[in-house]
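Enquirer: This structure is in structure tokens; I'll ask about it shortly.
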Amino acid sequence: MKTYTHPVRRLLCLLIIFSLVFSTVPALGEGGISAWTNTDLEGAVQLLTKARLKDDFHMAVNRQWLLFEPIPWGASQASSFMDQTGVVMERKAALMQNDSLTGHDAELMRKLYDLVLDWDSRNALGGDAILSYVEAVSSVQTLEELTDYMISDENVFMLDPSYYGVTPDLAHPDVYVAVLYPLPLMMGDSAQYAQRTAYGELLYGVNRDSTLLVLNKLGYTPEEAQAVFDRAFAFDALIAPHIKPNDAHYEADYLESCLNYYTREELDALCGAYPMTAILDLTATGSSKRFLVTEPEHYRALGEIYTEENIPLIRDWIVYYMVNYLGRFLDRDTYLALDAIESQAVGIEGEAGDLDIAMEALESFLPVPMDNLYIQAYCTEEMRRDVLNIIDEVTAHYRVMLENEDWLSPETREKAVEKLDALRVHAVYPDALGDWSHLDIRGKEEGGTLMEAVVKLSAFAAKEGCDKVNQPVDHDEWDQASSPTSEVNAFYSQTDNSITILAGILGGVFYGPDMTYEEKLGGIGMVIAHEISHAFDNDGAKYDKDGHLNNWWAEKDYAAFLERAEKLTAYYDQFVPYEGGTYSGVRIQSEAIADMGSMKCMLAIAREQENFDYNAYFRQFARVWRTKMLPNAMILTVATDSHPLGCLRTNVTVQQFEEFYETFDVQPGDQMYLAPEERIAVW
């Protein structure tokens, strides 16, 4: 199965969790650490709840917002990121309703927009829109027929029980290679198949209910639909023991364990009966000079499972995948019913409107045309220059910070500075906009249908970028398909040694042209320094200045780094996010390291400013991480998110630095106080 640039299986990508009713809101701290309230939980702050800056800085700064800001309709949480995302979505919606926009991007967007909202045609077709595609695979009876189907033009959505794409080589990121990943599982984590939790039970139920709903729409009886799902899940359960559990991704040697390279002949031998190379040949991926297989055991097992006996299981797994991908493109009742299943699982109330439904499809299938329109309408060169100036200032001070790290040897310090000096910067928008002029679909007035467009757009997404295999990587290229600049985000790329600051994040509490200098540093400045810090977190530290997976540390320095990181994880492990819940310091350690590294850099800048307003700076930083979520979203976040809770990102970060104590006169006995010898900042 080709990895798509849009979410081909929303159910597997959607963060679905179980509900938990909290009788009380416990303190986050136990065992002598700070007993802050988990203010990320909706309802934790009440009218009579009091907060002193010295006891719970995050709550005190954000109390009014936490009390009165509603969780948006149709969402499971509110946050500064959600606020800015709402602004961006309103801008995109305005673009779609602006009939004066011209050019290929606008025309392409408008065609899909109209097809998505052509409910008369969609309702008239109902399940017939996808019945022929489902029948093509459900009629398979033998291994030969299944192989023929998977590598034929009939398999228009390129569905099969593998997961592959093209990526810069992890070990040699100057060239693109084919990469094979383990299959996404119905329950998201192979550990759920050994011991299913309440989370796994709910995820199982959501997948089952969605599958049965669409199959019933196609004319299957309830018994027939249940049998299809049971067989699909049986295949999932067969392959799950051969996929590493999610927790393994946080082990120190996980990246190194992914570096498994095969020639075409070796890949054939690994996969046995499974026609992996023939499937790869459906795109240019098959021409890769070598193949990176992140978890070989998965593909070895797949070859062993690919037998006549298991044909019903594999066939119905493909049916399951197909109906869950295509169900949302059927009639309105089916769309709303599927949406309700997912929304109810995460505690969301309400019904999606036409604009929401259309925007979901546009962002999934046409990210580059949408991004181009957004850039042209809302991005300016002045904005980019301002952000680049902040990046230059942050980078210069980060260099001084590294040069003064007294726990590093001169050799390692020099390598760290070299890596910083080699940092690539992508700010706000690319120099050249993405060109999708070679893509077109038939619009409603041309006799086109939504399913016809979905077939063409899916094929385009599956093959887009595959021709890069074996080609040199252009590290200055901005891939808008995977990183649209309208996204409210910023990130660091290990294999490029680059930071990307997207235009979508430039608003709200993060950035504004009228902000004070201190507010900009507390907002976008912290974001920029955070991303730079990822070059030196527990993952980024494994890559050198050229993005190669390469140990550039002196042995004693790396041991000291790991010791400091372990102290951080142990501190976070003590927090109790909700009654009966546990917190994973290992899972969030890279983000926590980056938070503290960025704070250290910002304070280095502050010390050079005359009359710097530390009060305003720290408060702005706290506003960035204000968050509140429904109880079920809290469970999900604690279980899966690699970022600390917002209240912890504020409180734990600021309590590492003397400037915070001096600004707010925090003393021993105050809940925000952490003794110097107990502080955990790695950098």
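Order determines the names: the first chain of the structure tokens is A, the second B, and so forth; residues in each chain are numbered 1 upward, and ligands are numbered 1 upward as they are shown.
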At a cut-off of 10 Å, can you tabulate as a tab-separated table every residue of stretch 462-575 of chain A near stretch 625-648 of chain A together with its closest atom pair and the distance in Å to one decimal, using only C-alpha atoms and ordering rows by chain then number?
Expert:
residue	atom	partner	partner_atom	distance
A:Val509	CA	A:Trp625	CA	9.6
A:Gly523	CA	A:Trp625	CA	9.8
A:Tyr572	CA	A:Pro644	CA	8.8
A:Phe575	CA	A:Leu648	CA	9.4
Enquirer: Taking 4 positions as the minimum chain separation for residues in the same chain, which residues sit within 9 Å of A:Trp119 when counting only C-alpha atoms? Answer as a list of chain:residue names.
Expert: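 The residues that qualify are A:Leu115, A:Asn123, A:Ala124, A:Asp331, A:Arg332.
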Enquirer: Any chance you can output those residues with C-alpha atoms as a compact mmCIF listing (two decimals), in the first residue's frame?
Expert:
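Everything below was put into out-v7.txt:
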# COMPACT_ATOMS: atom_id res chain seq x y z
CA LEU A 115 -18.14 17.91 -6.53
CA ASN A 123 -27.28 10.87 -2.71
CA ALA A 124 -28.57 9.42 -5.97
CA ASP A 331 -24.15 10.05 0.25
CA ARG A 332 -24.72 12.62 2.95
Enquirer: Find, counting only C-alpha atoms, the residue in A:Asn207, A:Thr516, A:Ser486, A:Thr663 that gets nearest to A:Met89.
Expert: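 Of A:Asn207, A:Thr516, A:Ser486, A:Thr663, the one nearest A:Met89, counting only C-alpha atoms, is A:Ser486.
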Enquirer: Could you tell me which of A:Gly303, A:Gly74, A:Gly507, A:Gly327 comes closest to A:Glu351 if we count only C-alpha atoms?
Expert: A:Gly74
Enquirer: Let's see if you can do this: from backbone DSSP, list all strand (DSSP E) residues in stretch 323-507 of chain A, as a VMD selection string.
Expert: chain A and resid 424 to 428 490 to 493 498 to 502
Enquirer: Please produce an output containing C-alpha atoms for each residue in the selection, written as a CSV table (one decimal), in the first residue's frame.
Expert:
chain,number,residue,atom,x,y,z
A,424,ARG,CA,19.2,25.2,6.9
A,425,VAL,CA,16.3,27.6,7.3
A,426,HIS,CA,12.9,27.5,5.7
A,427,ALA,CA,10.8,30.5,6.7
A,428,VAL,CA,7.1,31.3,6.1
A,490,ALA,CA,7.0,24.5,12.9
A,491,PHE,CA,9.4,21.6,12.9
A,492,TYR,CA,13.0,20.4,12.7
A,493,SER,CA,14.2,17.9,10.1
A,498,SER,CA,16.8,22.2,8.9
A,499,ILE,CA,14.1,24.2,10.7
A,500,THR,CA,10.9,25.2,9.0
A,501,ILE,CA,8.7,27.9,10.4
A,502,LEU,CA,5.3,27.8,8.6
